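**Student:** Provided below: start33.cif, containing mmCIF, C-alpha atoms.
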```cif
data_run
loop_
_atom_site.label_atom_id
_atom_site.label_comp_id
_atom_site.auth_asym_id
_atom_site.auth_seq_id
_atom_site.Cartn_x
_atom_site.Cartn_y
_atom_site.Cartn_z
CA MET A 26 34.29 -68.34 -1.76
CA ASN A 27 30.96 -69.84 -2.61
CA LYS A 28 27.94 -68.01 -1.38
CA ALA A 29 25.26 -69.95 0.45
CA THR A 30 22.17 -70.49 -1.64
CA TRP A 31 18.81 -70.04 0.08
CA ILE A 32 15.75 -71.61 -1.44
CA VAL A 33 12.62 -69.95 -0.09
CA SER A 34 9.18 -71.26 -0.86
CA PRO A 35 6.71 -68.62 -2.10
CA SER A 36 4.20 -70.00 0.40
CA PRO A 37 5.98 -70.76 3.65
CA PHE A 38 2.73 -71.29 5.51
CA LEU A 39 1.05 -74.21 7.21
CA LEU A 40 -2.55 -74.57 6.07
CA THR A 41 -4.88 -75.20 9.00
CA ARG A 42 -7.98 -75.41 6.79
CA PRO A 43 -8.73 -76.74 3.32
CA THR A 44 -8.47 -74.27 0.47
CA LEU A 45 -11.52 -72.18 -0.36
CA SER A 46 -12.02 -74.11 -3.60
CA ARG A 47 -11.99 -77.42 -1.73
CA MET A 48 -14.38 -76.10 0.91
CA SER A 49 -16.78 -74.96 -1.82
CA ALA A 50 -16.55 -78.29 -3.64
CA VAL A 51 -17.26 -80.31 -0.50
CA THR A 52 -20.20 -78.08 0.44
CA VAL A 53 -21.69 -78.51 -3.03
CA LEU A 54 -21.24 -82.28 -2.85
CA THR A 55 -23.10 -82.47 0.47
CA LEU A 56 -26.13 -80.85 -1.18
CA VAL A 57 -26.12 -83.14 -4.23
CA PRO A 58 -27.95 -86.04 -2.47
CA GLN A 59 -30.86 -83.74 -1.63
CA LEU A 60 -31.00 -82.58 -5.26
CA CYS A 61 -30.99 -86.19 -6.40
CA LEU A 62 -33.86 -87.03 -4.07
CA MET A 63 -35.92 -84.18 -5.50
CA ALA A 64 -35.27 -85.47 -9.02
CA VAL A 65 -36.15 -89.06 -8.05
CA GLU A 66 -39.39 -87.85 -6.45
CA GLY A 67 -40.25 -85.95 -9.62
CA ASP A 68 -40.00 -82.54 -7.97
CA TYR A 69 -38.50 -80.91 -11.03
CA ALA A 70 -39.86 -77.49 -10.04
CA SER A 71 -37.56 -77.42 -7.02
CA VAL A 72 -34.55 -78.60 -9.04
CA LEU A 73 -35.20 -75.96 -11.69
CA SER A 74 -35.65 -73.26 -9.05
CA ILE A 75 -32.32 -74.14 -7.43
CA LEU A 76 -30.48 -74.16 -10.78
CA LEU A 77 -31.98 -70.79 -11.67
CA ALA A 78 -30.88 -69.40 -8.31
CA VAL A 79 -27.32 -70.53 -9.10
CA THR A 80 -27.63 -68.87 -12.50
CA GLY A 81 -28.85 -65.63 -10.93
CA CYS A 82 -25.92 -65.55 -8.51
CA VAL A 83 -23.43 -66.26 -11.31
CA LEU A 84 -24.91 -63.40 -13.34
CA GLY A 85 -24.65 -61.20 -10.26
CA GLU A 86 -20.96 -62.08 -9.92
CA ILE A 87 -20.37 -61.38 -13.62
CA SER A 88 -22.05 -57.98 -13.28
CA MET A 89 -19.59 -57.19 -10.47
CA THR A 90 -16.43 -58.35 -12.24
CA LEU A 91 -16.99 -57.67 -15.95
CA PRO A 92 -17.20 -53.83 -15.81
CA TYR A 93 -13.90 -53.70 -13.95
CA LYS A 94 -12.30 -56.36 -16.17
CA ARG A 95 -11.60 -58.55 -13.17
CA PRO A 96 -11.39 -62.34 -13.60
CA PHE A 97 -14.31 -64.47 -12.48
CA PRO A 98 -13.51 -65.95 -9.04
CA GLY A 99 -12.19 -69.48 -9.35
CA ASP A 100 -13.00 -70.56 -5.80
CA ARG A 101 -16.59 -71.66 -6.69
CA THR A 102 -18.12 -69.86 -3.71
CA VAL A 103 -20.69 -68.25 -5.99
CA PHE A 104 -22.06 -71.73 -6.78
CA VAL A 105 -22.33 -72.52 -3.08
CA VAL A 106 -24.20 -69.27 -2.47
CA GLY A 107 -26.49 -70.00 -5.41
CA LEU A 108 -27.29 -73.51 -4.20
CA ILE A 109 -28.02 -72.37 -0.65
CA THR A 110 -30.19 -69.54 -2.00
CA GLY A 111 -32.17 -71.92 -4.18
CA PHE A 112 -32.71 -74.32 -1.30
CA LEU A 113 -34.18 -71.50 0.82
CA LEU A 114 -36.60 -70.21 -1.82
CA PRO A 115 -40.06 -71.78 -2.25
CA SER A 116 -40.31 -73.92 -5.37
CA ASN A 117 -43.54 -72.19 -6.42
CA LEU A 118 -41.89 -68.77 -6.67
CA GLY A 119 -41.66 -69.02 -10.46
CA PRO A 120 -38.59 -69.20 -12.74
CA VAL A 121 -38.47 -65.50 -13.62
CA SER A 122 -38.91 -64.40 -10.00
CA VAL A 123 -36.20 -66.80 -8.80
CA LEU A 124 -33.76 -65.50 -11.39
CA ILE A 125 -34.49 -61.85 -10.57
CA VAL A 126 -34.40 -62.11 -6.76
CA SER A 127 -31.28 -64.30 -6.72
CA PHE A 128 -29.47 -61.85 -8.99
CA SER A 129 -30.69 -58.86 -6.94
CA GLY A 130 -29.91 -60.41 -3.57
CA TYR A 131 -26.41 -61.45 -4.59
CA PHE A 132 -25.66 -58.09 -6.18
CA ILE A 133 -26.93 -56.12 -3.18
CA ALA A 134 -25.06 -58.28 -0.67
CA ARG A 135 -21.83 -57.85 -2.62
CA ALA A 136 -22.17 -54.21 -3.72
CA VAL A 137 -23.82 -52.68 -0.65
CA PHE A 138 -22.54 -54.87 2.18
CA GLY A 139 -18.92 -55.34 1.06
CA GLY A 140 -16.93 -56.74 -1.82
CA THR A 141 -15.36 -59.98 -2.88
CA GLY A 142 -14.47 -61.97 0.21
CA SER A 143 -15.50 -59.14 2.54
CA TYR A 144 -19.30 -58.90 2.46
CA TRP A 145 -20.82 -59.08 5.93
CA MET A 146 -24.42 -59.87 5.00
CA SER A 147 -25.36 -63.33 3.74
CA PRO A 148 -26.41 -63.11 0.06
CA ALA A 149 -28.76 -66.07 0.50
CA ALA A 150 -30.52 -64.41 3.45
CA VAL A 151 -30.78 -61.10 1.60
CA THR A 152 -32.30 -62.87 -1.41
CA VAL A 153 -34.92 -64.71 0.66
CA ALA A 154 -35.80 -61.48 2.47
CA ILE A 155 -36.35 -59.72 -0.87
CA ALA A 156 -38.50 -62.60 -2.12
CA TYR A 157 -40.58 -62.69 1.06
CA ILE A 158 -41.14 -58.93 1.14
CA SER A 159 -42.12 -58.84 -2.54
CA GLN A 160 -44.24 -62.00 -2.63
CA PRO A 161 -45.13 -63.18 0.90
CA GLY A 162 -48.14 -65.15 -0.31
CA LEU A 163 -45.93 -67.67 -2.09
CA PHE A 164 -44.17 -68.71 1.11
CA PRO A 165 -45.67 -71.43 3.32
CA ASP A 166 -47.91 -70.42 6.18
CA GLN A 167 -46.80 -70.61 9.79
CA LEU A 168 -46.77 -74.32 10.59
CA LEU A 169 -48.56 -73.83 13.90
CA SER A 170 -51.52 -71.68 14.83
CA PRO A 171 -51.67 -70.10 18.31
CA GLU A 172 -55.20 -71.42 18.80
CA SER A 173 -54.20 -75.05 18.27
CA VAL A 174 -51.22 -74.76 20.64
CA ARG A 175 -53.41 -73.21 23.33
CA THR A 176 -55.96 -76.00 22.84
CA ILE A 177 -53.50 -78.90 22.93
CA GLY A 178 -50.67 -77.39 24.99
CA ASP A 179 -48.00 -79.16 22.92
CA SER A 180 -46.39 -78.03 19.67
CA PHE A 181 -46.17 -81.39 17.97
CA ARG A 182 -49.68 -82.56 18.78
CA ALA A 183 -50.95 -79.15 17.72
CA LEU A 184 -49.22 -79.72 14.38
CA LYS A 185 -51.45 -82.76 13.80
CA LEU A 186 -54.49 -80.70 14.68
CA ASP A 187 -53.50 -78.19 11.99
CA GLY A 188 -53.68 -80.87 9.28
CA PHE A 189 -50.09 -82.16 9.20
CA ARG A 190 -49.85 -85.29 7.04
CA GLY A 191 -47.04 -87.74 7.72
CA LEU A 192 -45.37 -90.28 5.46
CA ASP A 193 -47.16 -93.57 4.84
CA ILE A 194 -44.45 -95.54 6.66
CA ASP A 195 -44.35 -93.16 9.62
CA GLN A 196 -46.75 -95.10 11.84
CA SER A 197 -45.24 -98.55 11.25
CA LEU A 198 -41.63 -97.36 11.52
CA THR A 199 -42.38 -95.41 14.70
CA ALA A 200 -44.01 -98.49 16.23
CA PHE A 201 -40.98 -100.61 15.30
CA LEU A 202 -38.51 -98.15 16.84
CA ASN A 203 -40.57 -97.79 20.01
CA GLN A 204 -40.81 -101.54 20.44
CA HIS A 205 -37.27 -102.61 19.59
CA LEU A 206 -35.08 -99.58 20.29
CA PHE A 207 -36.65 -97.17 22.76
CA ALA A 208 -38.64 -99.57 24.97
CA PRO A 209 -35.66 -100.56 27.21
CA PHE A 210 -35.11 -96.87 27.99
CA ASP A 211 -38.79 -96.22 28.69
CA ILE A 212 -38.93 -93.74 25.79
CA LYS A 213 -41.79 -93.45 23.34
CA LEU A 214 -41.37 -91.57 20.08
CA PRO A 215 -44.62 -89.94 18.94
CA GLU A 216 -45.84 -90.53 15.42
CA GLY A 217 -44.79 -87.86 12.97
CA TYR A 218 -41.16 -87.35 13.91
CA ILE A 219 -40.02 -89.82 11.25
CA THR A 220 -41.67 -87.58 8.66
CA LEU A 221 -39.97 -84.49 10.07
CA PHE A 222 -36.60 -86.24 10.10
CA TRP A 223 -36.73 -87.79 6.64
CA HIS A 224 -39.07 -85.72 4.46
CA SER A 225 -40.86 -82.82 6.09
CA PRO A 226 -43.57 -81.59 3.70
CA SER A 227 -42.67 -78.06 2.60
CA ALA A 228 -42.45 -75.95 -0.55
CA ILE A 229 -38.99 -74.85 0.62
CA PRO A 230 -36.39 -77.57 -0.13
CA ALA A 231 -34.12 -76.60 2.78
CA PHE A 232 -36.88 -77.58 5.23
CA ARG A 233 -37.36 -81.14 3.96
CA TYR A 234 -34.42 -83.49 4.39
CA ASN A 235 -33.29 -83.01 7.97
CA THR A 236 -31.57 -86.38 8.19
CA LEU A 237 -29.38 -85.61 5.17
CA THR A 238 -28.63 -82.16 6.58
CA LEU A 239 -27.46 -83.73 9.86
CA VAL A 240 -25.27 -86.26 8.04
CA SER A 241 -23.81 -83.46 5.93
CA SER A 242 -23.10 -81.39 9.03
CA ILE A 243 -20.97 -84.20 10.46
CA LEU A 244 -18.99 -84.30 7.23
CA LEU A 245 -18.60 -80.51 7.06
CA ILE A 246 -17.38 -80.24 10.66
CA SER A 247 -15.12 -83.31 10.56
CA MET A 248 -13.41 -82.06 7.38
CA ASN A 249 -12.97 -78.60 8.90
CA ILE A 250 -15.14 -77.05 6.20
CA ILE A 251 -17.17 -75.10 8.75
CA ASP A 252 -16.42 -74.00 12.30
CA TRP A 253 -18.45 -75.89 14.89
CA ILE A 254 -18.69 -73.06 17.44
CA ILE A 255 -21.46 -70.96 15.88
CA PRO A 256 -23.80 -73.87 14.92
CA VAL A 257 -23.43 -75.56 18.32
CA CYS A 258 -23.92 -72.34 20.32
CA PHE A 259 -26.87 -71.42 18.13
CA LEU A 260 -28.63 -74.76 18.57
CA LEU A 261 -27.91 -74.94 22.31
CA SER A 262 -29.19 -71.45 23.04
CA TYR A 263 -32.26 -71.91 20.84
CA ALA A 264 -32.99 -75.29 22.47
CA ALA A 265 -32.67 -73.78 25.95
CA CYS A 266 -35.13 -71.04 25.06
CA VAL A 267 -37.61 -73.50 23.55
CA TRP A 268 -37.40 -75.78 26.58
CA PHE A 269 -37.41 -73.32 29.45
CA VAL A 270 -39.14 -70.17 28.26
CA SER A 271 -42.86 -69.80 27.61
CA VAL A 272 -43.72 -68.23 24.25
CA LEU A 273 -46.00 -65.26 24.77
CA PRO A 274 -48.00 -65.47 21.52
CA PHE A 275 -48.77 -69.11 22.23
CA ALA A 276 -49.48 -68.66 25.95
CA LEU A 277 -47.94 -71.98 26.93
CA ALA A 278 -48.56 -72.63 30.60
CA VAL A 279 -45.70 -75.09 31.08
CA PRO A 280 -42.16 -74.05 30.05
CA GLN A 281 -41.37 -77.39 28.46
CA GLY A 282 -41.11 -76.90 24.71
CA ASP A 283 -40.54 -79.52 22.03
CA ILE A 284 -36.88 -79.13 21.02
CA LEU A 285 -37.03 -81.76 18.29
CA PHE A 286 -40.00 -80.08 16.68
CA ALA A 287 -38.23 -76.71 16.84
CA PHE A 288 -35.08 -78.13 15.20
CA LEU A 289 -36.89 -80.08 12.48
CA THR A 290 -39.13 -77.29 11.22
CA GLY A 291 -38.47 -73.89 9.72
CA GLY A 292 -35.08 -74.87 8.26
CA ILE A 293 -33.29 -74.44 11.60
CA LEU A 294 -30.76 -77.21 10.93
CA PHE A 295 -30.07 -76.01 7.39
CA ILE A 296 -29.51 -72.45 8.63
CA ALA A 297 -27.29 -73.71 11.45
CA PHE A 298 -24.89 -75.66 9.23
CA TYR A 299 -25.05 -73.93 5.84
CA VAL A 300 -25.81 -70.24 6.38
CA LEU A 301 -24.68 -69.09 9.83
CA PRO A 302 -21.12 -70.55 9.57
CA GLU A 303 -20.31 -68.52 6.42
CA TYR A 304 -16.81 -67.17 7.09
CA ASN A 305 -17.32 -63.80 5.42
CA THR A 306 -20.05 -62.86 7.87
CA ASN A 307 -18.58 -64.25 11.10
CA PRO A 308 -16.40 -62.87 13.91
CA ARG A 309 -12.81 -64.05 13.99
CA THR A 310 -12.18 -65.10 17.60
CA ARG A 311 -13.68 -68.07 19.39
CA GLY A 312 -15.31 -65.79 21.93
CA GLY A 313 -16.82 -63.67 19.18
CA LYS A 314 -18.15 -66.76 17.41
CA ALA A 315 -19.67 -68.06 20.64
CA ILE A 316 -21.40 -64.73 21.24
CA CYS A 317 -22.63 -64.75 17.65
CA GLY A 318 -24.08 -68.25 18.05
CA LEU A 319 -25.74 -67.47 21.38
CA LEU A 320 -27.21 -64.27 19.98
CA ALA A 321 -28.50 -66.18 16.96
CA GLY A 322 -30.27 -68.68 19.20
CA LEU A 323 -31.94 -65.97 21.26
CA THR A 324 -32.96 -64.11 18.12
CA ALA A 325 -34.34 -67.27 16.52
CA PHE A 326 -36.51 -67.91 19.56
CA ALA A 327 -37.81 -64.34 19.50
CA VAL A 328 -38.55 -64.52 15.75
CA CYS A 329 -39.50 -68.19 15.22
CA GLY A 330 -40.95 -69.08 18.60
CA PRO A 331 -41.25 -72.86 19.14
CA GLY A 332 -40.69 -73.62 15.45
CA GLY A 333 -42.54 -73.81 12.17
CA SER A 334 -41.75 -70.32 10.87
CA PRO A 335 -41.32 -70.09 7.06
CA VAL A 336 -38.76 -67.23 7.14
CA GLY A 337 -37.92 -66.61 10.78
CA ALA A 338 -34.57 -68.41 10.59
CA VAL A 339 -33.53 -66.36 7.56
CA PHE A 340 -34.38 -63.07 9.26
CA THR A 341 -32.43 -64.34 12.26
CA VAL A 342 -29.36 -64.54 10.01
CA ILE A 343 -29.91 -60.98 8.78
CA ILE A 344 -30.25 -59.62 12.32
CA VAL A 345 -27.14 -61.45 13.53
CA ASN A 346 -25.14 -60.43 10.45
CA ALA A 347 -26.04 -56.81 11.19
CA VAL A 348 -24.64 -57.16 14.72
CA ASN A 349 -21.48 -59.04 13.74
CA PRO A 350 -19.56 -55.89 12.66
CA LEU A 351 -20.03 -54.57 16.20
CA ILE A 352 -18.73 -57.85 17.61
CA GLU A 353 -15.73 -57.63 15.27
CA TYR A 354 -15.11 -54.02 16.34
CA ILE A 355 -15.01 -55.12 19.98
CA GLU A 356 -12.71 -58.01 18.99
CA ASN A 357 -10.30 -55.62 17.29
CA LYS A 358 -10.28 -53.36 20.34
CA ALA A 359 -9.58 -56.32 22.60
CA ILE A 360 -6.79 -57.61 20.35
CA ALA A 361 -5.23 -54.14 20.15
CA SER A 362 -5.41 -53.72 23.92
CA ALA A 363 -3.80 -57.10 24.45
CA GLY A 364 -1.02 -56.12 22.03
CA ASP A 365 -0.41 -52.84 23.83
CA PHE A 366 -0.33 -54.62 27.17
CA ALA A 367 2.17 -57.15 25.90
#
```
Let me see the structure of the file written as structure tokens.

**Tutor:**
Amino acid sequence: MNKATWIVSPSPFLLTRPTLSRMSAVTVLTLVPQLCLMAVEGDYASVLSILLAVTGCVLGEISMTLPYKRPFPGDRTVFVVGLITGFLLPSNLGPVSVLIVSFSGYFIARAVFGGTGSYWMSPAAVTVAIAYISQPGLFPDQLLSPESVRTIGDSFRALKLDGFRGLDIDQSLTAFLNQHLFAPFDIKLPEGYITLFWHSPSAIPAFRYNTLTLVSSILLISMNIIDWIIPVCFLLSYAACVWFVSVLPFALAVPQGDILFAFLTGGILFIAFYVLPEYNTNPRTRGGKAICGLLAGLTAFAVCGPGGSPVGAVFTVIIVNAVNPLIEYIENKAIASAGDFA
């Protein structure tokens, strides 16, 4: 009697997301156009700073794996972390400083806040925090001053008062859009938003190319590289706070903030789509992710105000990452209770 032969696949699973290597590769590719723009514009200092940040993170990974004779991770996540770190550091930080802080931030995030695939604090955020605490003078100033906002009563017009310089084509392109696109809807786009969308002037590369960041976010979400829940909840809650709530340090009389200005300054969009959705640092359930995003928006408003903060968004990530283990603890309790009930 012949025995039945069973052929079992070693991986009898249905993949609902791309592999980690593919996710890393796609994320890197979405950042390449911004790197190319920096090179075309002759901003070699920023390109060098980003490459050194990648090098620092790779050295940090080697220092974690080599002593234990573990293989270097082949999923390329270290390169993603390095790129994001470099984008969030000011280009005038200096090559040696970039290398040291990127190595230190990556090592601390991995060694102190977890291990491979289990760290709960963003290495990029930790690195920027170290850089800001050690050399705050090299980071850009707050984009808005309270005095100018009180004088004008509007964040964007106050930005002009503080010496904001737009692109040369900003005025003509804004006039064209107002005349041919927005006029039928009785909408008028103020001058300066084109600059903020296309090339916001900043020493921090992550703050500059908001249009490319938005295009990349569509690609990342559509390809299931990142989860949409946290970025969307973050942006909605932050926008609601900017629009409805008066900011005490700025003493705004009318609770009608400029949401576009808030989104296009301080790296809010970059943080929303490249840093906050990092899977290692996020809750697992949809409810937990929604709470995380809402909390991030409230925290960003408390830290960044109506926009223009050089490091407020990064410290928002650190604060939310510190709370996420509590959210995950509550998730586990809820899941266990549901299992017991079933």

**Student:** Taking 4 positions as the minimum chain separation for residues in the same chain, which residues sit within 6 Å of range 327-338 of chain A when counting all atoms listed in the file? Answer as a PyMOL selection string.

**Tutor:** chain A and resi 165+167-168+267+287+290-291

**Student:** Go through range 103-136 of chain A residue by residue and, counting all atoms listed in the file, keep those with an atom at most 7 Å from range 73-89 of chain A; for each kept residue give the shortest atom pair and its distance in Å to one decimal, ordered by chain and increasing number, as JSON lines.

**Tutor:**
```
{"residue": "A:Val103", "atom": "CA", "partner": "A:Val83", "partner_atom": "CA", "distance": 6.3}
{"residue": "A:Phe104", "atom": "CA", "partner": "A:Val79", "partner_atom": "CA", "distance": 5.9}
{"residue": "A:Gly107", "atom": "CA", "partner": "A:Val79", "partner_atom": "CA", "distance": 3.8}
{"residue": "A:Leu108", "atom": "CA", "partner": "A:Val79", "partner_atom": "CA", "distance": 5.7}
{"residue": "A:Thr110", "atom": "CA", "partner": "A:Ala78", "partner_atom": "CA", "distance": 6.3}
{"residue": "A:Gly111", "atom": "CA", "partner": "A:Ile75", "partner_atom": "CA", "distance": 3.9}
{"residue": "A:Phe112", "atom": "CA", "partner": "A:Ile75", "partner_atom": "CA", "distance": 6.1}
{"residue": "A:Ser116", "atom": "CA", "partner": "A:Ser74", "partner_atom": "CA", "distance": 6.0}
{"residue": "A:Pro120", "atom": "CA", "partner": "A:Ser74", "partner_atom": "CA", "distance": 6.2}
{"residue": "A:Val123", "atom": "CA", "partner": "A:Ala78", "partner_atom": "CA", "distance": 5.9}
{"residue": "A:Leu124", "atom": "CA", "partner": "A:Gly81", "partner_atom": "CA", "distance": 4.9}
{"residue": "A:Ile125", "atom": "CA", "partner": "A:Gly81", "partner_atom": "CA", "distance": 6.8}
{"residue": "A:Ser127", "atom": "CA", "partner": "A:Gly81", "partner_atom": "CA", "distance": 5.0}
{"residue": "A:Phe128", "atom": "CA", "partner": "A:Gly81", "partner_atom": "CA", "distance": 4.3}
{"residue": "A:Tyr131", "atom": "CA", "partner": "A:Cys82", "partner_atom": "CA", "distance": 5.7}
{"residue": "A:Phe132", "atom": "CA", "partner": "A:Gly85", "partner_atom": "CA", "distance": 5.2}
```

**Student:** On this structure, the PyMOL selection byres ((chain A and resi 199-205) around 10) would catch which residues? List them as a PDB file with C-alpha atoms, keeping the file's coordinate frame, sorted by chain and number.

**Tutor:**
```pdb
ATOM      1  CA  ILE A 194     -44.450 -95.540   6.660  1.00  0.00           C
ATOM      2  CA  ASP A 195     -44.350 -93.160   9.620  1.00  0.00           C
ATOM      3  CA  GLN A 196     -46.750 -95.100  11.840  1.00  0.00           C
ATOM      4  CA  SER A 197     -45.240 -98.550  11.250  1.00  0.00           C
ATOM      5  CA  LEU A 198     -41.630 -97.360  11.520  1.00  0.00           C
ATOM      6  CA  LEU A 206     -35.080 -99.580  20.290  1.00  0.00           C
ATOM      7  CA  PHE A 207     -36.650 -97.170  22.760  1.00  0.00           C
ATOM      8  CA  ALA A 208     -38.640 -99.570  24.970  1.00  0.00           C
ATOM      9  CA  PRO A 209     -35.660-100.560  27.210  1.00  0.00           C
ATOM     10  CA  PHE A 210     -35.110 -96.870  27.990  1.00  0.00           C
ATOM     11  CA  ASP A 211     -38.790 -96.220  28.690  1.00  0.00           C
ATOM     12  CA  ILE A 212     -38.930 -93.740  25.790  1.00  0.00           C
ATOM     13  CA  LYS A 213     -41.790 -93.450  23.340  1.00  0.00           C
ATOM     14  CA  LEU A 214     -41.370 -91.570  20.080  1.00  0.00           C
ATOM     15  CA  PRO A 215     -44.620 -89.940  18.940  1.00  0.00           C
ATOM     16  CA  GLU A 216     -45.840 -90.530  15.420  1.00  0.00           C
ATOM     17  CA  GLY A 217     -44.790 -87.860  12.970  1.00  0.00           C
ATOM     18  CA  TYR A 218     -41.160 -87.350  13.910  1.00  0.00           C
ATOM     19  CA  ILE A 219     -40.020 -89.820  11.250  1.00  0.00           C
ATOM     20  CA  THR A 220     -41.670 -87.580   8.660  1.00  0.00           C
TER      21      THR A 220
END
```

**Student:** Mind giving me the straight-line distance from CA of Ile133 in chain A to CA of Ala347 in chain A in Å, one decimal?

**Tutor:**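 CA of Ala347 in chain A lies at a distance of 14.4 Å from CA of Ile133 in chain A.
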
**Student:** Please provide as a PyMOL selection string all residues within 10 Å of Asp68 in chain A, with the sequence filter that same-chain residues fewer than 6 positions apart are discarded (counting all atoms listed in the file).

**Tutor:** chain A and resi 60-62+116+230

**Student:** Name the residues captured by the PyMOL selection byres ((chain A and resi 42-59) around 8) when it is applied to the shown file; answer as a short mmCIF file (atom, residue, chain, number, x, y, z; two decimals) with C-alpha atoms, in the coordinates of the input.

**Tutor:**
```
data_model
loop_
_atom_site.label_atom_id
_atom_site.label_comp_id
_atom_site.auth_asym_id
_atom_site.auth_seq_id
_atom_site.Cartn_x
_atom_site.Cartn_y
_atom_site.Cartn_z
CA LEU A 40 -2.55 -74.57 6.07
CA THR A 41 -4.88 -75.20 9.00
CA LEU A 60 -31.00 -82.58 -5.26
CA CYS A 61 -30.99 -86.19 -6.40
CA LEU A 62 -33.86 -87.03 -4.07
CA MET A 63 -35.92 -84.18 -5.50
CA GLY A 99 -12.19 -69.48 -9.35
CA ASP A 100 -13.00 -70.56 -5.80
CA ARG A 101 -16.59 -71.66 -6.69
CA THR A 102 -18.12 -69.86 -3.71
CA PHE A 104 -22.06 -71.73 -6.78
CA VAL A 105 -22.33 -72.52 -3.08
CA LEU A 108 -27.29 -73.51 -4.20
CA TYR A 234 -34.42 -83.49 4.39
CA LEU A 237 -29.38 -85.61 5.17
CA SER A 241 -23.81 -83.46 5.93
CA LEU A 245 -18.60 -80.51 7.06
CA ASN A 249 -12.97 -78.60 8.90
CA ILE A 250 -15.14 -77.05 6.20
#
```

**Student:** Thr310 in chain A: which residues within 10 Å, counting all atoms listed in the file, same-chain residues fewer than 2 positions away excluded, as a list in words?

**Tutor:**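 Once the adjacent positions are removed, what remains is Asn307, Pro308, Gly312, Gly313, Lys314, Ala315, Ile316, Ile352, Glu353, Glu356, Asn357 and Ile360 of chain A.
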
**Student:** Measuring atom to atom with all atoms listed in the file, identify which of A:Leu285, A:Ala134, A:Ala228, A:Val65 is nearest to Asn117 in chain A.

**Tutor:** A:Ala228

**Student:** With only C-alpha atoms as the basis for distance, which of A:Leu113, A:Leu239, A:Ala265, A:Leu323 is at the shortest distance from Thr152 in chain A?

**Tutor:**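 Counting only C-alpha atoms, the residue closest to Thr152 in chain A is A:Leu113.
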
**Student:** For CA of Phe259 in chain A and CA of Ala297 in chain A, determine how far apart the two atoms are, in Å to one decimal place.

**Tutor:** 7.1 Å

**Student:** Would you compute the distance between CA of Pro115 in chain A and CA of Phe97 in chain A? Give it in Å to one decimal.

**Tutor:** 28.7 Å

**Student:** Counting all atoms listed in the file, I want the residues whose atoms come within 12 Å of (-46.2, -65.9, -1.8) in the file frame, returned as a VMD selection string.

**Tutor:** chain A and resid 114 to 119 122 153 155 to 166 228 to 229 335 to 336

**Student:** Choose the residue, out of A:Met146, A:Ala64, A:Ile254, A:Val300, that has the smallest atom-to-atom separation from Asn346 in chain A; count only C-alpha atoms.

**Tutor:** A:Met146

**Student:** Could you model N, CA and C atoms for range 43-55 of chain A and present them as a compact mmCIF listing (two decimals), in the coordinates of the input?

**Tutor:**
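For reference, selection.txt as written:
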```txt
# COMPACT_ATOMS: atom_id res chain seq x y z
N PRO A 43 -8.79 -76.49 4.76
CA PRO A 43 -8.73 -76.74 3.32
C PRO A 43 -8.79 -75.42 2.54
N THR A 44 -8.39 -75.46 1.30
CA THR A 44 -8.47 -74.27 0.47
C THR A 44 -9.93 -73.90 0.24
N LEU A 45 -10.16 -72.64 -0.15
CA LEU A 45 -11.52 -72.18 -0.36
C LEU A 45 -12.21 -72.96 -1.48
N SER A 46 -11.45 -73.31 -2.50
CA SER A 46 -12.02 -74.11 -3.60
C SER A 46 -12.46 -75.48 -3.11
N ARG A 47 -11.63 -76.10 -2.27
CA ARG A 47 -11.99 -77.42 -1.73
C ARG A 47 -13.19 -77.31 -0.81
N MET A 48 -13.24 -76.28 0.01
CA MET A 48 -14.38 -76.10 0.91
C MET A 48 -15.67 -75.93 0.11
N SER A 49 -15.60 -75.16 -0.97
CA SER A 49 -16.78 -74.96 -1.82
C SER A 49 -17.21 -76.27 -2.46
N ALA A 50 -16.23 -77.03 -2.96
CA ALA A 50 -16.55 -78.29 -3.64
C ALA A 50 -17.21 -79.28 -2.68
N VAL A 51 -16.69 -79.38 -1.47
CA VAL A 51 -17.26 -80.31 -0.50
C VAL A 51 -18.67 -79.87 -0.11
N THR A 52 -18.87 -78.58 0.09
CA THR A 52 -20.20 -78.08 0.44
C THR A 52 -21.20 -78.39 -0.66
N VAL A 53 -20.80 -78.20 -1.90
CA VAL A 53 -21.69 -78.51 -3.03
C VAL A 53 -22.02 -80.00 -3.04
N LEU A 54 -21.01 -80.83 -2.82
CA LEU A 54 -21.24 -82.28 -2.85
C LEU A 54 -22.20 -82.74 -1.75
N THR A 55 -22.19 -82.08 -0.60
CA THR A 55 -23.10 -82.47 0.47
C THR A 55 -24.56 -82.14 0.14
```
